[in-house]
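Single-structure report; data block below.
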Amino acid sequence: MIRLYDYELSGNCYKLRLLMHWLGLTYERIAVDFHPGRAHKCAWFMQNINPQGQLPVLDDDGFLLRDAQACLVYLASQYDTPGGHWYPEDAQTRALIQLWLATADDLTRSISAARLHYSFGYPADIAACDRQGPATLRLLDDTLAENHYRGTPWLAGGTMPSIADIACFPYAALAGEARLDLRRYPAVQAWLHAMRHRPGFIAMPGIIDPSL
Amino acid sequence: MPFCTTDPNLRNDWLTVGAASQLRQVSAARPVSARLLGNDLLLWQDDAGAPHCSADGRALPIICRYDYLWVHTGDGPAPALFELPEFAQPGRRIVDCGGIGVATSGLRVVENFLDIAHFPYVHTGTLGKVPHTEVAPYRAVVDPAHGEIWATECHFFQPRASASAGDGIDAHYRYRVMQPLTAALYKTCPNRAGEWDVIGLFVQPLDQEQVIAHVLLVYDEDVLPDAEMIAFQHMIFGQDKPILESQRPRRLPLTGSLEAHMRCDLTSTTYRRWLHQRGVTFGAHAQPLP
């Protein structure tokens with residue numbers, strides 16, 4: 001039985017919900033009162049679930065795993081069909097995926113931090129977020145534009161998306177809530193559109209389901 | 001720093017600065033700050049647990065009601081705060097869903113809260129579902145005794161009206177606007193016939209185009225953990241937020257033809273007219289000269 005310690009408005013929780021949905025996995029969502037209760041920082045949670053006091057946390061039959069990107073690697077490795085596209089075995093593709101998993105952390109440190117500031121009043125170095133967020137979106141935009149001319153719409157190449165795309169998707173899509181203007185990143189917008197229009201896509205608050 | 005408005009509707013009324021729980025373990029030696037009407041306030045509580053507030057070195061009246069803090073920034077006498085008798089009703093679950101920042105006028109946030117017609121499109125699968133898009137006729141009036149707006153006889157098909165709702169129901173709603181920036185929603189309790197769950201919306205205006213929207217549940221619900229009730233409300237509010245932040249102008253037009261209304265917008269038009277008659281300017285779109 002897979003359990004997800006989850007918060008509805010977290011982009012990092014959402015990326016696990018999205019991958020598990022696309023993998024066809026059933027799982028139990030355990031709602032954590034991230035805001036206003038800060039239950040992810042309470043003693044019980046930090047002693048028993050995640051000493052880092054962060055969400056998401058995955059519990060697969062007692063295997064407790066923190067860190068959204070680590071969870072994506074685990075879920076795709078464990079549950080994708082053999083030869084599947086979410087975490088392909090090819091060495092170069094895996095290396096590129098690793099690079100974008102690290103970029104997803106840059107998005108968390110900038111766009112997610114600014115979003116937490118504007119939405120929940122968390123302290124944040126907004127000047128730093130306003131430098132780092134656009135710089136990371138620029139990197140994504142340049143890469144996706146180049147990939148487009150190489151014939152692939154996805155971050156790690158190929159004809160199908162990988163966990164690299166899922167890792168970077170939520171906070172790129174939520175850039176508006178960090179008060180950044182996505183119109184400056186047309187290749188990012190085209191990629192977000194492609195992600196949202198994949199069959200079986202599920203939305204989160206702030207990222208609208210195109211079927212509506 | 002002075003307050004950024006002289007609008008008497010806001011300066012002479014009680015405005016929230018957030019949940020009372022933020023003052024737990026906050027003493028005069030280390031107060032917390034809160035933003036209101038473009039000014040930074042200091043908040044703390046004394047040894048007896050009473051809240052205190054100061055701005056620009058001056059003490060301001062502050063009270064704790066409904067688990068929330070309310071500040072009066074005006075020079076004149078403070079009016080009575082609105083009544084919410086359900087809060088003290090035995091057996092009620094009180095769940096604070098906290099505040100969420102929104103980059104728009106508080107009037108837009110309240111108006112969105114009063115709107116039924118967007119449910120099937122924005123809250124698909126929970127508060128509404130296409131093709132159940134028709135808004136049946138309802139009533140909206142200003143109660144002459146208290147000057148509050150009441151919209152009644154609203155009902156709407158909802159696939160999942162609340163966190164604990166099992167099947168779809170024809171949910172009955174009543175809306176109430178107590179102040180320009182506070183409103184309440186009374187909705188059919190899925191678990192107990194004849195009772196109304198109450199959702200309070202208390203908007204804290206940081207300035208004319210930035211607010212914190214606080215949501216307080218006063219529910220008959222007794223099954224779910226707090227975290228799931230909060231998650232449901234945050235899902236709903238998180239769906240509204242990008243819509244609210246994309247609306248232009250950010251400030252709400254109270255008159256004129258900038259935005260068109262239909263019959264289903266009766267509560268909105270009543271709210272706008274009510275704001276206009278009170279002379280609200282804060283967060284309202286200034287009319288172009290003829």
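Each chain in the structure tokens gets a letter, A, B, ..., in the order shown, and its residues are numbered from 1; ligands are numbered from 1 in order too.
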Using 9 Å as the limit and counting only C-alpha atoms, can you tabulate each residue of chain B that touches chain A, with its shortest atom-to-atom distance in Å and the two atoms involved, as CSV?
```
residue,atom,partner,partner_atom,distance
B:Asp96,CA,A:Pro36,CA,7.8
B:Cys97,CA,A:Pro36,CA,6.4
B:Gly98,CA,A:Pro36,CA,4.9
B:Gly99,CA,A:Phe120,CA,6.7
B:Ile100,CA,A:Ser119,CA,4.9
B:Gly101,CA,A:Ser119,CA,4.2
B:Val102,CA,A:Ser119,CA,6.8
B:Ala103,CA,A:Tyr118,CA,8.4
B:Pro120,CA,A:Leu212,CA,8.8
B:Tyr121,CA,A:Leu212,CA,6.3
B:Val122,CA,A:Leu212,CA,7.9
B:Thr124,CA,A:Leu212,CA,7.5
B:Val130,CA,A:Leu212,CA,8.6
B:Ile212,CA,A:Ser119,CA,8.0
B:Pro225,CA,A:Ala31,CA,8.9
B:Asp226,CA,A:Asp33,CA,7.6
B:Ala227,CA,A:Asp33,CA,4.7
B:Glu228,CA,A:Ala31,CA,5.6
B:Ile230,CA,A:Asp33,CA,7.1
B:Ala231,CA,A:Glu8,CA,5.8
B:Phe232,CA,A:Glu8,CA,8.0
B:His234,CA,A:Glu8,CA,7.0
B:Met235,CA,A:Pro205,CA,5.8
B:Ile236,CA,A:Pro205,CA,7.4
B:Phe237,CA,A:Pro205,CA,7.8
B:Gly238,CA,A:Pro205,CA,4.6
B:Gln239,CA,A:Pro205,CA,4.4
B:Asp240,CA,A:Gly206,CA,7.9
B:Lys241,CA,A:Gly206,CA,7.0
B:Pro242,CA,A:Gly206,CA,5.8
B:Ile243,CA,A:Gly206,CA,8.6
B:Glu245,CA,A:Glu177,CA,8.6
```
Quick one: residues within 10 Å of A:Ile2, only C-alpha atoms, excluding same-chain residues fewer than 5 positions away - as a VMD selection string?
chain A and resid 20 25 to 29 58 to 64
Stretch 1-211 of chain A: residues DSSP assigns to helix (DSSP H, G or I), reported as a PyMOL selection string
chain A and resi 11-22+39-41+43-48+68-79+91-120+126-149+163-173+175-178+182-184+186-196
If we count only C-alpha atoms, what is near B:Arg108 at a cut-off of 12 Å, once residues fewer than 6 positions away on the same chain are taken out, given as a ChimeraX atom specification?
/B:102,114-115,180-182,203,205,208-211,213,240-241,243-254,268,271-272,275,282-285
Could you write those residues out with N, CA and C atoms, as an mmCIF file, in the first residue's frame?
```
data_model
loop_
_atom_site.group_PDB
_atom_site.id
_atom_site.type_symbol
_atom_site.label_atom_id
_atom_site.label_comp_id
_atom_site.auth_asym_id
_atom_site.auth_seq_id
_atom_site.Cartn_x
_atom_site.Cartn_y
_atom_site.Cartn_z
ATOM 1 N N VAL B 102 -3.760 37.129 -1.936
ATOM 2 C CA VAL B 102 -4.266 37.256 -3.299
ATOM 3 C C VAL B 102 -3.933 38.664 -3.800
ATOM 4 N N LEU B 114 -19.268 35.288 -3.461
ATOM 5 C CA LEU B 114 -20.725 35.368 -3.539
ATOM 6 C C LEU B 114 -21.280 34.746 -4.821
ATOM 7 N N ASP B 115 -20.397 34.331 -5.724
ATOM 8 C CA ASP B 115 -20.833 33.905 -7.048
ATOM 9 C C ASP B 115 -21.044 32.396 -7.117
ATOM 10 N N PRO B 180 -18.008 45.486 3.945
ATOM 11 C CA PRO B 180 -17.476 45.395 2.571
ATOM 12 C C PRO B 180 -16.472 44.263 2.395
ATOM 13 N N LEU B 181 -15.722 43.902 3.439
ATOM 14 C CA LEU B 181 -14.687 42.883 3.297
ATOM 15 C C LEU B 181 -14.929 41.656 4.185
ATOM 16 N N THR B 182 -16.145 41.466 4.669
ATOM 17 C CA THR B 182 -16.453 40.208 5.367
ATOM 18 C C THR B 182 -17.781 39.666 4.860
ATOM 19 N N VAL B 203 -11.583 39.254 4.923
ATOM 20 C CA VAL B 203 -10.507 39.730 4.053
ATOM 21 C C VAL B 203 -9.712 40.823 4.755
ATOM 22 N N PRO B 205 -7.190 43.678 4.140
ATOM 23 C CA PRO B 205 -6.636 44.443 3.025
ATOM 24 C C PRO B 205 -5.225 44.938 3.349
ATOM 25 N N GLN B 208 -4.732 48.457 -1.658
ATOM 26 C CA GLN B 208 -5.930 48.424 -2.517
ATOM 27 C C GLN B 208 -5.950 47.213 -3.454
ATOM 28 N N GLU B 209 -4.786 46.631 -3.715
ATOM 29 C CA GLU B 209 -4.736 45.536 -4.689
ATOM 30 C C GLU B 209 -4.028 44.297 -4.149
ATOM 31 N N GLN B 210 -3.884 44.206 -2.829
ATOM 32 C CA GLN B 210 -3.316 42.995 -2.232
ATOM 33 C C GLN B 210 -4.053 42.705 -0.924
ATOM 34 N N VAL B 211 -4.450 41.450 -0.760
ATOM 35 C CA VAL B 211 -5.193 41.092 0.450
ATOM 36 C C VAL B 211 -4.729 39.728 0.959
ATOM 37 N N ALA B 213 -6.910 36.572 2.321
ATOM 38 C CA ALA B 213 -8.280 36.078 2.486
ATOM 39 C C ALA B 213 -8.267 34.969 3.539
ATOM 40 N N ASP B 240 -9.741 29.318 -7.266
ATOM 41 C CA ASP B 240 -10.228 30.682 -7.506
ATOM 42 C C ASP B 240 -9.087 31.677 -7.691
ATOM 43 N N LYS B 241 -7.979 31.434 -6.984
ATOM 44 C CA LYS B 241 -6.909 32.439 -6.903
ATOM 45 C C LYS B 241 -6.371 32.894 -8.266
ATOM 46 N N ILE B 243 -7.792 32.851 -11.108
ATOM 47 C CA ILE B 243 -8.863 33.580 -11.819
ATOM 48 C C ILE B 243 -8.935 35.005 -11.265
ATOM 49 N N LEU B 244 -8.947 35.097 -9.933
ATOM 50 C CA LEU B 244 -9.027 36.416 -9.293
ATOM 51 C C LEU B 244 -7.849 37.292 -9.699
ATOM 52 N N GLU B 245 -6.656 36.693 -9.745
ATOM 53 C CA GLU B 245 -5.461 37.494 -10.015
ATOM 54 C C GLU B 245 -5.355 37.876 -11.484
ATOM 55 N N SER B 246 -6.171 37.232 -12.338
ATOM 56 C CA SER B 246 -6.120 37.577 -13.761
ATOM 57 C C SER B 246 -7.170 38.618 -14.128
ATOM 58 N N GLN B 247 -8.063 38.955 -13.210
ATOM 59 C CA GLN B 247 -9.129 39.900 -13.544
ATOM 60 C C GLN B 247 -8.585 41.326 -13.627
ATOM 61 N N ARG B 248 -9.016 42.040 -14.669
ATOM 62 C CA ARG B 248 -8.615 43.439 -14.856
ATOM 63 C C ARG B 248 -9.857 44.268 -15.109
ATOM 64 N N PRO B 249 -9.973 45.460 -14.556
ATOM 65 C CA PRO B 249 -9.008 46.026 -13.616
ATOM 66 C C PRO B 249 -9.023 45.267 -12.299
ATOM 67 N N ARG B 250 -7.920 45.347 -11.574
ATOM 68 C CA ARG B 250 -7.882 44.662 -10.279
ATOM 69 C C ARG B 250 -8.930 45.248 -9.333
ATOM 70 N N ARG B 251 -9.154 46.546 -9.456
ATOM 71 C CA ARG B 251 -10.139 47.185 -8.566
ATOM 72 C C ARG B 251 -11.530 47.006 -9.158
ATOM 73 N N LEU B 252 -12.489 46.810 -8.283
ATOM 74 C CA LEU B 252 -13.834 46.424 -8.724
ATOM 75 C C LEU B 252 -14.622 47.628 -9.241
ATOM 76 N N PRO B 253 -15.113 47.561 -10.487
ATOM 77 C CA PRO B 253 -15.994 48.630 -10.959
ATOM 78 C C PRO B 253 -17.345 48.527 -10.241
ATOM 79 N N LEU B 254 -17.793 49.616 -9.650
ATOM 80 C CA LEU B 254 -19.061 49.572 -8.901
ATOM 81 C C LEU B 254 -20.230 50.024 -9.753
ATOM 82 N N SER B 268 -23.982 39.734 -6.920
ATOM 83 C CA SER B 268 -22.883 40.626 -7.278
ATOM 84 C C SER B 268 -23.378 42.042 -7.509
ATOM 85 N N TYR B 271 -24.301 43.628 -4.323
ATOM 86 C CA TYR B 271 -23.084 43.980 -3.583
ATOM 87 C C TYR B 271 -22.470 45.265 -4.150
ATOM 88 N N ARG B 272 -22.352 45.340 -5.474
ATOM 89 C CA ARG B 272 -21.746 46.531 -6.080
ATOM 90 C C ARG B 272 -22.576 47.788 -5.797
ATOM 91 N N LEU B 275 -22.084 48.750 -2.182
ATOM 92 C CA LEU B 275 -20.784 49.414 -1.988
ATOM 93 C C LEU B 275 -20.840 50.850 -2.510
ATOM 94 N N PHE B 282 -12.127 52.472 -1.595
ATOM 95 C CA PHE B 282 -10.950 51.625 -1.402
ATOM 96 C C PHE B 282 -11.142 50.296 -2.136
ATOM 97 N N GLY B 283 -10.243 50.002 -3.070
ATOM 98 C CA GLY B 283 -10.354 48.759 -3.840
ATOM 99 C C GLY B 283 -11.379 48.833 -4.952
ATOM 100 N N ALA B 284 -11.997 50.014 -5.121
ATOM 101 C CA ALA B 284 -12.989 50.185 -6.182
ATOM 102 C C ALA B 284 -12.355 50.904 -7.366
ATOM 103 N N HIS B 285 -12.775 50.535 -8.551
ATOM 104 C CA HIS B 285 -12.244 51.134 -9.771
ATOM 105 C C HIS B 285 -12.792 52.558 -9.911
#
```
Minimum-distance residue to A:Gly133, chosen among A:Ser112, A:Asn48, A:Ser162, A:Gln54 (using only C-alpha atoms)
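Using only C-alpha atoms, A:Gly133 sits closest to A:Ser112.
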Using only C-alpha atoms, which residues sit within 7 Å of B:Thr73 once same-chain residues fewer than 4 positions away are excluded, as a PDB file with N, CA and C atoms, in the first residue's frame?
```pdb
ATOM      1  N   ARG B  11     -11.992  52.792   7.470  1.00  0.00           N
ATOM      2  CA  ARG B  11     -11.333  53.365   8.630  1.00  0.00           C
ATOM      3  C   ARG B  11     -12.231  53.348   9.858  1.00  0.00           C
ATOM      4  N   ASN B  12     -13.545  53.342   9.676  1.00  0.00           N
ATOM      5  CA  ASN B  12     -14.436  53.357  10.835  1.00  0.00           C
ATOM      6  C   ASN B  12     -14.990  51.987  11.180  1.00  0.00           C
ATOM      7  N   LEU B  60      -4.003  51.115  19.065  1.00  0.00           N
ATOM      8  CA  LEU B  60      -5.258  51.040  18.324  1.00  0.00           C
ATOM      9  C   LEU B  60      -6.176  50.039  19.012  1.00  0.00           C
TER      10      LEU B  60
END
```
Applying 12 Å and only C-alpha atoms, which residues near B:Tyr219 remain after dropping the ones on its own chain fewer than 2 positions away? List them as a PyMOL selection string.
chain B and resi 86-96+162-164+185-192+195-200+216-217+221-224+226+229
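The spacing separating atom CA of A:Arg109 from atom CA of A:Leu144 amounts to 21.2 Å.
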